[in-house]
Each structure stands twice: as structure tokens, then as C-alpha cells.
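*Asks:* I'm passing along coords.cif; it holds mmCIF, C-alpha atoms.
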```
data_run
#
loop_
_atom_site.label_atom_id
_atom_site.label_comp_id
_atom_site.auth_asym_id
_atom_site.auth_seq_id
_atom_site.Cartn_x
_atom_site.Cartn_y
_atom_site.Cartn_z
CA MET Y 912 -21.92 3.14 -30.14
CA SER Y 913 -20.61 0.44 -27.76
CA ALA Y 914 -21.00 0.86 -24.02
CA THR Y 915 -17.89 1.19 -21.88
CA SER Y 916 -17.70 -1.02 -18.81
CA PRO Y 917 -16.99 0.56 -15.41
CA SER Y 918 -13.76 -1.40 -15.05
CA THR Y 919 -12.47 -0.14 -18.39
CA ARG Y 920 -13.34 3.42 -17.53
CA ALA Y 921 -11.64 3.13 -14.15
CA SER Y 922 -8.36 1.98 -15.70
CA ALA Y 923 -8.13 4.92 -18.10
CA PRO Y 924 -6.44 8.16 -17.05
CA ILE Y 925 -8.87 10.62 -15.46
CA LYS Y 926 -9.00 14.01 -17.11
CA ALA Y 927 -10.89 17.19 -16.37
CA GLY Y 928 -14.30 17.18 -18.04
CA GLU Y 929 -14.57 13.39 -18.28
CA PRO Y 930 -17.30 11.45 -16.47
CA LEU Y 931 -16.21 9.66 -13.33
CA SER Y 932 -16.30 5.96 -12.62
CA PRO Y 933 -18.91 4.64 -10.16
CA ALA Y 934 -16.23 4.35 -7.48
CA LEU Y 935 -15.64 8.09 -7.76
CA GLU Y 936 -19.30 8.99 -8.04
CA ARG Y 937 -20.53 7.15 -4.95
CA PRO Y 938 -17.79 6.83 -2.32
CA GLY Y 939 -20.31 6.69 0.50
CA ASN Y 940 -19.45 3.31 2.03
CA GLY Y 941 -16.34 1.27 2.72
CA ALA Y 942 -16.49 -0.68 -0.53
CA SER Y 943 -16.87 2.48 -2.59
CA VAL Y 944 -13.98 4.18 -0.79
CA ALA Y 945 -11.81 1.15 -1.46
CA GLY Y 946 -12.83 1.31 -5.12
CA LEU Y 947 -11.99 5.00 -5.20
CA VAL Y 948 -8.55 4.39 -3.71
CA TRP Y 949 -7.84 1.56 -6.15
CA THR Y 950 -8.98 3.68 -9.11
CA LEU Y 951 -6.74 6.60 -8.14
CA VAL Y 952 -3.71 4.40 -7.43
CA ARG Y 953 -4.07 2.52 -10.70
CA THR Y 954 -4.64 5.74 -12.64
CA ASP Y 955 -1.51 7.36 -11.16
CA PHE Y 956 0.53 4.28 -11.95
CA LYS Y 957 -0.70 4.03 -15.55
CA ALA Y 958 -0.42 7.78 -16.16
CA ARG Y 959 3.18 7.88 -14.98
CA TYR Y 960 4.32 5.29 -17.51
CA HIS Y 961 1.75 6.02 -20.23
CA GLY Y 962 3.35 6.14 -23.67
CA THR Y 963 6.65 4.57 -22.59
CA LEU Y 964 7.96 1.53 -24.43
CA SER Y 965 8.08 -0.78 -21.43
CA GLY Y 966 5.22 0.78 -19.48
CA PHE Y 967 4.97 -0.33 -15.86
CA VAL Y 968 8.15 -2.41 -16.22
CA TRP Y 969 10.06 0.82 -15.60
CA ALA Y 970 8.74 0.74 -12.04
CA LEU Y 971 10.82 -2.40 -11.57
CA LEU Y 972 13.78 -1.53 -13.79
CA LYS Y 973 14.50 1.92 -12.32
CA PRO Y 974 15.35 0.87 -8.74
CA LEU Y 975 17.04 -2.31 -9.98
CA SER Y 976 19.26 -0.47 -12.48
CA MET Y 977 20.14 2.25 -9.96
CA PHE Y 978 21.07 -0.40 -7.42
CA VAL Y 979 23.38 -2.19 -9.89
CA VAL Y 980 25.04 1.04 -11.08
CA LEU Y 981 25.61 2.47 -7.61
CA THR Y 982 26.91 -0.83 -6.25
CA SER Y 983 29.35 -1.15 -9.15
CA VAL Y 984 30.63 2.42 -8.93
CA PHE Y 985 31.12 2.63 -5.19
CA SER Y 986 32.63 -0.84 -4.95
CA LEU Y 987 35.51 0.58 -7.00
CA VAL Y 988 35.80 3.95 -5.27
CA PHE Y 989 35.51 2.97 -1.61
CA VAL Y 990 37.33 -0.35 -1.53
CA THR Y 991 38.51 0.10 2.08
CA ASP Y 992 35.01 0.30 3.57
CA ALA Y 993 32.83 -2.65 2.60
CA ASN Y 994 29.72 -1.17 4.19
CA TYR Y 995 29.98 2.34 2.80
CA ARG Y 996 28.46 1.62 -0.59
CA LEU Y 997 25.52 -0.24 0.93
CA ASP Y 998 25.04 2.52 3.51
CA LEU Y 999 25.06 5.10 0.73
CA ILE Y 1000 22.68 3.20 -1.55
CA LEU Y 1001 20.21 2.54 1.25
CA GLY Y 1002 20.34 6.17 2.35
CA LEU Y 1003 19.85 7.43 -1.20
CA PHE Y 1004 16.80 5.28 -1.87
CA LEU Y 1005 15.14 6.13 1.45
CA TRP Y 1006 15.84 9.80 0.83
CA GLU Y 1007 14.44 9.56 -2.69
CA PHE Y 1008 11.22 8.12 -1.26
CA PHE Y 1009 10.99 10.99 1.22
CA ALA Y 1010 11.84 13.76 -1.26
CA GLU Y 1011 9.72 12.49 -4.15
CA GLY Y 1012 6.78 11.56 -1.92
CA THR Y 1013 6.58 14.94 -0.21
CA LYS Y 1014 7.01 16.79 -3.52
CA ILE Y 1015 4.16 14.87 -5.15
CA GLY Y 1016 1.99 15.11 -2.04
CA LEU Y 1017 2.52 18.87 -1.86
CA THR Y 1018 0.89 19.45 -5.26
CA SER Y 1019 -1.62 16.57 -5.15
CA LEU Y 1020 -4.74 18.64 -4.40
CA HIS Y 1021 -3.74 21.27 -6.95
CA ALA Y 1022 -3.18 18.62 -9.63
CA LYS Y 1023 -6.40 16.68 -8.98
CA GLY Y 1024 -8.59 19.29 -7.37
CA PHE Y 1025 -11.04 19.17 -10.27
CA LEU Y 1026 -12.23 15.79 -8.95
CA LEU Y 1027 -13.53 17.49 -5.82
CA THR Y 1028 -15.96 19.52 -7.91
CA LYS Y 1029 -17.35 16.36 -9.55
CA ALA Y 1030 -17.91 14.10 -6.57
CA ARG Y 1031 -18.15 14.18 -2.81
CA PHE Y 1032 -15.37 12.34 -1.03
CA PRO Y 1033 -12.67 13.27 1.52
CA SER Y 1034 -9.94 15.29 -0.16
CA TRP Y 1035 -7.25 13.56 1.92
CA ILE Y 1036 -7.76 10.47 -0.26
CA LEU Y 1037 -6.24 12.39 -3.18
CA VAL Y 1038 -3.20 13.23 -1.06
CA VAL Y 1039 -2.59 9.72 0.27
CA THR Y 1040 -3.10 7.91 -3.05
CA SER Y 1041 -0.71 10.29 -4.83
CA LEU Y 1042 2.12 8.63 -2.88
CA SER Y 1043 1.55 5.21 -4.47
CA ASN Y 1044 4.28 5.49 -7.11
CA PRO Y 1045 7.11 6.44 -4.69
CA LEU Y 1046 5.87 3.69 -2.37
CA ILE Y 1047 6.01 1.08 -5.14
CA THR Y 1048 9.54 2.15 -6.06
CA VAL Y 1049 10.89 1.92 -2.50
CA ALA Y 1050 9.13 -1.42 -1.97
CA VAL Y 1051 10.82 -2.86 -5.08
CA PHE Y 1052 14.17 -1.50 -3.91
CA ALA Y 1053 13.72 -3.03 -0.44
CA THR Y 1054 13.04 -6.39 -2.07
CA VAL Y 1055 16.08 -6.11 -4.34
CA LEU Y 1056 18.34 -5.11 -1.44
CA THR Y 1057 17.11 -8.00 0.72
CA VAL Y 1058 17.74 -10.47 -2.11
CA PHE Y 1059 21.22 -9.00 -2.66
CA LEU Y 1060 22.12 -9.28 1.02
CA SER Y 1061 20.88 -12.87 1.11
CA ALA Y 1062 22.87 -13.78 -2.02
CA SER Y 1063 26.02 -12.30 -0.49
CA GLY Y 1064 25.63 -14.34 2.69
CA ARG Y 1065 24.32 -11.51 4.87
CA THR Y 1066 20.69 -12.53 5.19
CA PRO Y 1067 18.92 -10.26 7.70
CA SER Y 1068 17.11 -12.01 10.53
CA ALA Y 1069 13.31 -12.07 10.66
CA ILE Y 1070 13.33 -9.54 13.51
CA HIS Y 1071 15.57 -7.15 11.60
CA LEU Y 1072 13.42 -7.45 8.49
CA ALA Y 1073 10.34 -6.71 10.57
CA LEU Y 1074 12.08 -3.67 12.07
CA PHE Y 1075 13.07 -2.46 8.60
CA GLY Y 1076 9.45 -2.81 7.51
CA SER Y 1077 8.38 -0.70 10.49
CA TYR Y 1078 10.93 1.95 9.50
CA LEU Y 1079 9.49 2.08 5.98
CA LEU Y 1080 6.04 2.44 7.53
CA ALA Y 1081 7.33 5.27 9.71
CA MET Y 1082 8.79 7.03 6.68
CA GLY Y 1083 5.46 6.65 4.91
CA ILE Y 1084 3.64 8.18 7.89
CA ILE Y 1085 6.05 11.11 7.94
CA VAL Y 1086 5.57 11.68 4.21
CA ILE Y 1087 1.79 11.55 4.63
CA GLY Y 1088 1.91 14.07 7.49
CA ILE Y 1089 4.04 16.52 5.51
CA SER Y 1090 1.93 16.00 2.39
CA LEU Y 1091 -1.35 16.61 4.22
CA ALA Y 1092 -0.12 19.93 5.57
CA GLY Y 1093 1.67 20.94 2.39
CA SER Y 1094 -1.19 20.08 0.03
CA VAL Y 1095 -3.68 22.49 1.64
CA LEU Y 1096 -1.10 25.21 2.23
CA PHE Y 1097 0.11 25.03 -1.37
CA LEU Y 1098 -3.36 25.94 -2.62
CA ARG Y 1099 -3.02 29.29 -0.84
CA TYR Y 1100 0.74 29.84 -1.05
CA ARG Y 1101 1.97 28.76 -4.48
CA ASP Y 1102 5.59 29.53 -3.64
CA LEU Y 1103 5.59 26.71 -1.11
CA ASN Y 1104 6.89 24.17 -3.62
CA GLN Y 1105 9.93 26.36 -4.26
CA VAL Y 1106 10.49 26.70 -0.52
CA TRP Y 1107 10.20 22.94 -0.05
CA ASP Y 1108 12.72 22.34 -2.85
CA VAL Y 1109 15.23 24.43 -0.91
CA VAL Y 1110 14.40 22.59 2.32
CA THR Y 1111 14.89 19.17 0.75
CA GLN Y 1112 18.13 20.20 -0.93
CA ALA Y 1113 19.50 21.39 2.39
CA GLY Y 1114 18.01 18.38 4.16
CA PHE Y 1115 19.89 16.00 1.88
CA PHE Y 1116 23.17 17.23 3.36
CA PHE Y 1117 21.73 17.60 6.86
CA ALA Y 1118 20.86 13.90 6.97
CA PRO Y 1119 23.79 11.43 7.15
CA ILE Y 1120 23.43 10.08 3.61
CA ILE Y 1121 26.78 10.67 1.93
CA TYR Y 1122 28.77 10.81 5.16
CA PRO Y 1123 28.83 8.59 8.28
CA LEU Y 1124 27.04 10.01 11.31
CA GLY Y 1125 30.20 9.37 13.34
CA VAL Y 1126 32.09 12.22 11.63
CA ILE Y 1127 29.75 14.70 13.34
CA PRO Y 1128 30.52 15.48 17.03
CA GLU Y 1129 28.11 13.60 19.27
CA GLN Y 1130 26.74 16.76 20.89
CA TYR Y 1131 25.20 17.71 17.53
CA HIS Y 1132 23.50 14.37 16.90
CA PHE Y 1133 20.32 15.58 18.63
CA TYR Y 1134 19.81 18.24 15.95
CA LEU Y 1135 20.39 15.74 13.15
CA TYR Y 1136 17.84 13.36 14.62
CA ALA Y 1137 15.30 16.17 14.79
CA TRP Y 1138 15.22 15.98 10.98
CA PRO Y 1139 12.73 13.10 10.45
CA PRO Y 1140 14.59 11.05 7.80
CA THR Y 1141 17.77 10.81 9.88
CA ALA Y 1142 16.61 8.21 12.40
CA ILE Y 1143 14.95 6.06 9.75
CA ILE Y 1144 18.04 6.03 7.55
CA GLU Y 1145 20.38 5.25 10.46
CA PHE Y 1146 18.13 2.57 11.97
CA SER Y 1147 17.63 0.91 8.57
CA ARG Y 1148 21.38 0.71 8.10
CA ALA Y 1149 21.77 -0.74 11.58
CA VAL Y 1150 19.31 -3.64 11.13
CA LEU Y 1151 20.04 -4.50 7.47
CA ILE Y 1152 23.75 -3.87 7.05
CA GLU Y 1153 25.27 -3.88 10.54
CA GLU Y 1154 22.88 -6.53 11.92
CA ARG Y 1155 22.44 -4.43 15.04
CA THR Y 1156 19.21 -3.51 16.84
CA PRO Y 1157 18.89 0.18 17.79
CA SER Y 1158 18.08 1.05 21.39
CA ALA Y 1159 14.56 1.27 22.82
CA ILE Y 1160 15.10 4.98 23.54
CA GLY Y 1161 16.07 5.51 19.92
CA HIS Y 1162 12.88 3.80 18.76
CA LEU Y 1163 10.84 5.92 21.16
CA ASP Y 1164 12.39 9.10 19.80
CA MET Y 1165 11.69 7.96 16.23
CA ALA Y 1166 8.07 7.19 17.14
CA LEU Y 1167 7.63 10.64 18.68
CA VAL Y 1168 9.05 12.35 15.58
CA THR Y 1169 6.95 10.16 13.27
CA PHE Y 1170 3.60 10.69 14.97
CA GLY Y 1171 4.47 14.31 15.69
CA ALA Y 1172 4.83 14.89 11.93
CA LEU Y 1173 1.52 13.11 11.31
CA LEU Y 1174 -0.28 15.03 14.05
CA ILE Y 1175 0.90 18.39 12.77
CA GLY Y 1176 -0.06 17.40 9.24
CA VAL Y 1177 -3.55 16.33 10.31
CA LEU Y 1178 -4.11 19.50 12.35
CA VAL Y 1179 -3.02 21.79 9.51
CA TYR Y 1180 -5.10 19.81 7.04
CA ARG Y 1181 -8.22 19.99 9.22
CA ARG Y 1182 -7.68 23.73 9.63
CA TYR Y 1183 -7.60 24.51 5.91
CA ALA Y 1184 -9.38 21.58 4.24
CA PRO Y 1185 -12.92 23.03 4.56
CA ARG Y 1186 -11.93 25.82 2.15
CA VAL Y 1187 -10.09 23.65 -0.37
CA ALA Y 1188 -12.83 24.03 -2.99
CA GLU Y 1189 -12.33 27.82 -2.99
CA TYR Y 1190 -8.72 27.48 -4.17
CA VAL Y 1191 -8.70 24.56 -6.59
#
```
Could you take the file, read its structure, and then write that structure out as C-alpha cells?
*Replies:*
Amino acid sequence: MSATSPSTRASAPIKAGEPLSPALERPGNGASVAGLVWTLVRTDFKARYHGTLSGFVWALLKPLSMFVVLTSVFSLVFVTDANYRLDLILGLFLWEFFAEGTKIGLTSLHAKGFLLTKARFPSWILVVTSLSNPLITVAVFATVLTVFLSASGRTPSAIHLALFGSYLLAMGIIVIGISLAGSVLFLRYRDLNQVWDVVTQAGFFFAPIIYPLGVIPEQYHFYLYAWPPTAIIEFSRAVLIEERTPSAIGHLDMALVTFGALLIGVLVYRRYAPRVAEYV
């Protein structure tokens, strides 16, 4: 019987009852933790597209095809507002990253909790690495959108691109914070995923995705910005499509909301994480 190399074993999907790769067995130092993260990210990516005809190519085709379809449709429907279709597409993709990321993060410990009984490593690694697929999708979309804007003569400046990158980072931090809290709470309260589905469905209409923020009276804008995705969607539109830099106060408010979400997530996680093994 031929021996299986560690690298081959690491690239295969991990299933309950199977032996773990060395990266999962000994995550005691920095190199082993990095190997663990890489193994989990690669496994999630391969498992998502396992058995499909084009495999990982779908990770590139999905955002590209959605971009082409949405651009074509809304260029015919909203001919009087040149920016509306781009505003809508950008808002939809950022919202998809938020909604899909938090949904996956919510069930991450429940889906992969069996790994915690096989090896000793921080459970938060399972939560964070579960977000790799939504992150890859939004990164591909951001690249496609930037190329499209450049080809249409609206190349964003280096500063605006850097700001957009910081907004994506902020969205990722928010998703991590919500996922950390949700993942440990879901192990105890299994109805939480249904509750979160309702929250995200309502949140889609609460955030200015399909309508301009200007149609809402200004006195209510504070409440809309309290919903974390709102500021990121609006600021991303400002720097990429309107070529306008949001105010310093706006950035400060976004930073407070972002790190507030992370702080709450970390505190809830630390409160319930020690008893994770009892519920998986």
C-alpha cells in the first residue's frame, strides 16, 4: 500500500473520522498555525467546487457573469441615471459578501466542530477560515469592477483605490466580529440561523442598496448608518463611482462601528468559547 504524502492529504476534503494532516495535529507554533489556516482555506475552496465541471473556475466566473448580466439589464432599465446601475451592482456584491460571510461564519463551528475533538488549536481559526470563499468572490468582483471602470475612462485614483481596499477590510472585520459571536451562540441556540436570516432579509432593505440614500429624510440617516454595511456601501460608491472622498467624521463613525462589531464579537466568543466542546 503506497504512502500518502502530507501535502496530498492536506489538499483532500477533511471528513469526520479521517486522520488529520500534520498542520492540524501540531498547531503549536507560528508555522504550524499558518499551515493549519492554509489547509482549512484550501479544503473549503476545493469542497465548495468539488464535483463541478469547471471546479475552481466558478469562483471567477460567478462574479464576472453576475457583473455582466446586471450591467446589461440595468443599462436598459435606468437609462436616465448613468451611475445607478453601478451603484446597485456595487451595493449588491458588498451585501452578498456580508450576508454570505455571516451566514457561513454562524454555522462554522457546528459544521467543523469535530476537528476540535481531534486536535488542540484555537476554535476561532475555524470561524475565520470559513470566510475564505466569500472573501475570494468579493476580491474577484473588486478586480473586475476596477478594470471595467478603467476601460470606461473612469479610472479611480490610487488614494480612492486604497480607501476602497480599507472599506473591504472593514467589512471583513465586521463579518468576523458577527461570525465569532454567532458561531458560539449557534451551538447553544440552534434557531439563531433562522433569526439571522430574518435580520439579513430586513437589513437588505434597511441598507441603501436598491434605492439612493438621498430619498430618505436626512434626520433618519443616523439610524441607517447604525447598520454596519450602510457606511461601507455608501463610502465605496463615493470613492469608486463618484470620485469623492467621504468626510473624516464619516470615516471615524465607520471605524467605531467596525471595531465595535469586532469587540462585541470577541467578548461574546471569549465568554462561550471555553464550553464549545460540550456542544459540538
*Asks:* Need to verify the contact set: Lys1023 of chain Y, 8 Å, all atoms listed in the file, exclusion of same-chain residues closer than 4 positions in sequence. Can you return it as an NGL selection string?
*Replies:* :Y and (1019 or 1027 or 1037)
*Asks:* One decimal, Å: what's the distance from atom CA of Trp1107 of chain Y over to atom CA of Pro1139 of chain Y, could you say?
*Replies:* 14.6 Å
*Asks:* Using the chain letters and numbers from this file, what does the PyMOL selection byres ((chain Y and resi 1153) around 12) select? Give the answer as a list in words.
*Replies:*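 Matching residues under the PyMOL selection byres ((chain Y and resi 1153) around 12) are Ala993, Asn994, Tyr995, Leu997, Asp998, Leu1060, Arg1065, Thr1066, Pro1067, Ser1068, His1071, Glu1145, Phe1146, Ser1147, Arg1148, Ala1149, Val1150, Leu1151, Ile1152, Glu1154, Arg1155, Thr1156 and Pro1157 of chain Y.
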*Asks:* Once the PyMOL selection byres ((chain Y and resi 1020) around 9) has been evaluated on this model, what residues remain selected, and can you format them as a PDB file with C-alpha atoms, in the frame of the given file?
*Replies:*
```pdb
ATOM      1  CA  GLY Y1016       1.990  15.110  -2.040  1.00  0.00           C
ATOM      2  CA  LEU Y1017       2.520  18.870  -1.860  1.00  0.00           C
ATOM      3  CA  THR Y1018       0.890  19.450  -5.260  1.00  0.00           C
ATOM      4  CA  SER Y1019      -1.620  16.570  -5.150  1.00  0.00           C
ATOM      5  CA  HIS Y1021      -3.740  21.270  -6.950  1.00  0.00           C
ATOM      6  CA  ALA Y1022      -3.180  18.620  -9.630  1.00  0.00           C
ATOM      7  CA  LYS Y1023      -6.400  16.680  -8.980  1.00  0.00           C
ATOM      8  CA  GLY Y1024      -8.590  19.290  -7.370  1.00  0.00           C
ATOM      9  CA  PHE Y1025     -11.040  19.170 -10.270  1.00  0.00           C
ATOM     10  CA  LEU Y1027     -13.530  17.490  -5.820  1.00  0.00           C
ATOM     11  CA  SER Y1034      -9.940  15.290  -0.160  1.00  0.00           C
ATOM     12  CA  TRP Y1035      -7.250  13.560   1.920  1.00  0.00           C
ATOM     13  CA  LEU Y1037      -6.240  12.390  -3.180  1.00  0.00           C
ATOM     14  CA  VAL Y1038      -3.200  13.230  -1.060  1.00  0.00           C
ATOM     15  CA  SER Y1094      -1.190  20.080   0.030  1.00  0.00           C
ATOM     16  CA  VAL Y1095      -3.680  22.490   1.640  1.00  0.00           C
ATOM     17  CA  PHE Y1097       0.110  25.030  -1.370  1.00  0.00           C
ATOM     18  CA  LEU Y1098      -3.360  25.940  -2.620  1.00  0.00           C
ATOM     19  CA  VAL Y1187     -10.090  23.650  -0.370  1.00  0.00           C
ATOM     20  CA  VAL Y1191      -8.700  24.560  -6.590  1.00  0.00           C
TER      21      VAL Y1191
END
```
*Asks:* To one decimal place, how far is atom CA of Ala1137 of chain Y from atom CA of Val1110 of chain Y in Å?
*Replies:*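 Calculated distance between atom CA of Ala1137 of chain Y and atom CA of Val1110 of chain Y is 14.1 Å.
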*Asks:* Applying the PyMOL selection byres ((chain Y and resi 1010) around 12) to the file I just gave you, which residues come out? Please list them as an MDAnalysis selection string.
*Replies:* chainID Y and resid 1002:1009 1011:1017 1042 1045:1046 1049 1082:1083 1085:1087 1089:1090 1104 1107:1115 1139:1140
*Asks:* Take the residues that were just selected and, keeping C-alpha atoms, output them as a PDB file, in the frame of the given file.
*Replies:*
```
ATOM      1  CA  GLY Y1002      20.340   6.170   2.350  1.00  0.00           C
ATOM      2  CA  LEU Y1003      19.850   7.430  -1.200  1.00  0.00           C
ATOM      3  CA  PHE Y1004      16.800   5.280  -1.870  1.00  0.00           C
ATOM      4  CA  LEU Y1005      15.140   6.130   1.450  1.00  0.00           C
ATOM      5  CA  TRP Y1006      15.840   9.800   0.830  1.00  0.00           C
ATOM      6  CA  GLU Y1007      14.440   9.560  -2.690  1.00  0.00           C
ATOM      7  CA  PHE Y1008      11.220   8.120  -1.260  1.00  0.00           C
ATOM      8  CA  PHE Y1009      10.990  10.990   1.220  1.00  0.00           C
ATOM      9  CA  GLU Y1011       9.720  12.490  -4.150  1.00  0.00           C
ATOM     10  CA  GLY Y1012       6.780  11.560  -1.920  1.00  0.00           C
ATOM     11  CA  THR Y1013       6.580  14.940  -0.210  1.00  0.00           C
ATOM     12  CA  LYS Y1014       7.010  16.790  -3.520  1.00  0.00           C
ATOM     13  CA  ILE Y1015       4.160  14.870  -5.150  1.00  0.00           C
ATOM     14  CA  GLY Y1016       1.990  15.110  -2.040  1.00  0.00           C
ATOM     15  CA  LEU Y1017       2.520  18.870  -1.860  1.00  0.00           C
ATOM     16  CA  LEU Y1042       2.120   8.630  -2.880  1.00  0.00           C
ATOM     17  CA  PRO Y1045       7.110   6.440  -4.690  1.00  0.00           C
ATOM     18  CA  LEU Y1046       5.870   3.690  -2.370  1.00  0.00           C
ATOM     19  CA  VAL Y1049      10.890   1.920  -2.500  1.00  0.00           C
ATOM     20  CA  MET Y1082       8.790   7.030   6.680  1.00  0.00           C
ATOM     21  CA  GLY Y1083       5.460   6.650   4.910  1.00  0.00           C
ATOM     22  CA  ILE Y1085       6.050  11.110   7.940  1.00  0.00           C
ATOM     23  CA  VAL Y1086       5.570  11.680   4.210  1.00  0.00           C
ATOM     24  CA  ILE Y1087       1.790  11.550   4.630  1.00  0.00           C
ATOM     25  CA  ILE Y1089       4.040  16.520   5.510  1.00  0.00           C
ATOM     26  CA  SER Y1090       1.930  16.000   2.390  1.00  0.00           C
ATOM     27  CA  ASN Y1104       6.890  24.170  -3.620  1.00  0.00           C
ATOM     28  CA  TRP Y1107      10.200  22.940  -0.050  1.00  0.00           C
ATOM     29  CA  ASP Y1108      12.720  22.340  -2.850  1.00  0.00           C
ATOM     30  CA  VAL Y1109      15.230  24.430  -0.910  1.00  0.00           C
ATOM     31  CA  VAL Y1110      14.400  22.590   2.320  1.00  0.00           C
ATOM     32  CA  THR Y1111      14.890  19.170   0.750  1.00  0.00           C
ATOM     33  CA  GLN Y1112      18.130  20.200  -0.930  1.00  0.00           C
ATOM     34  CA  ALA Y1113      19.500  21.390   2.390  1.00  0.00           C
ATOM     35  CA  GLY Y1114      18.010  18.380   4.160  1.00  0.00           C
ATOM     36  CA  PHE Y1115      19.890  16.000   1.880  1.00  0.00           C
ATOM     37  CA  PRO Y1139      12.730  13.100  10.450  1.00  0.00           C
ATOM     38  CA  PRO Y1140      14.590  11.050   7.800  1.00  0.00           C
TER      39      PRO Y1140
END
```
*Asks:* What does the distance between atom CA of Pro1119 of chain Y and atom CA of Tyr1131 of chain Y come to in Å, to one decimal place?
*Replies:*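 These atoms are spaced 12.2 Å apart.
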*Asks:* Which is closest to Gly1171 of chain Y among Y:Gly1088, Y:Glu1129, Y:Tyr1134, Y:Ile1036, if we use all atoms listed in the file?
*Replies:*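 Among the listed residues, the smallest separation from Gly1171 of chain Y belongs to Y:Gly1088.
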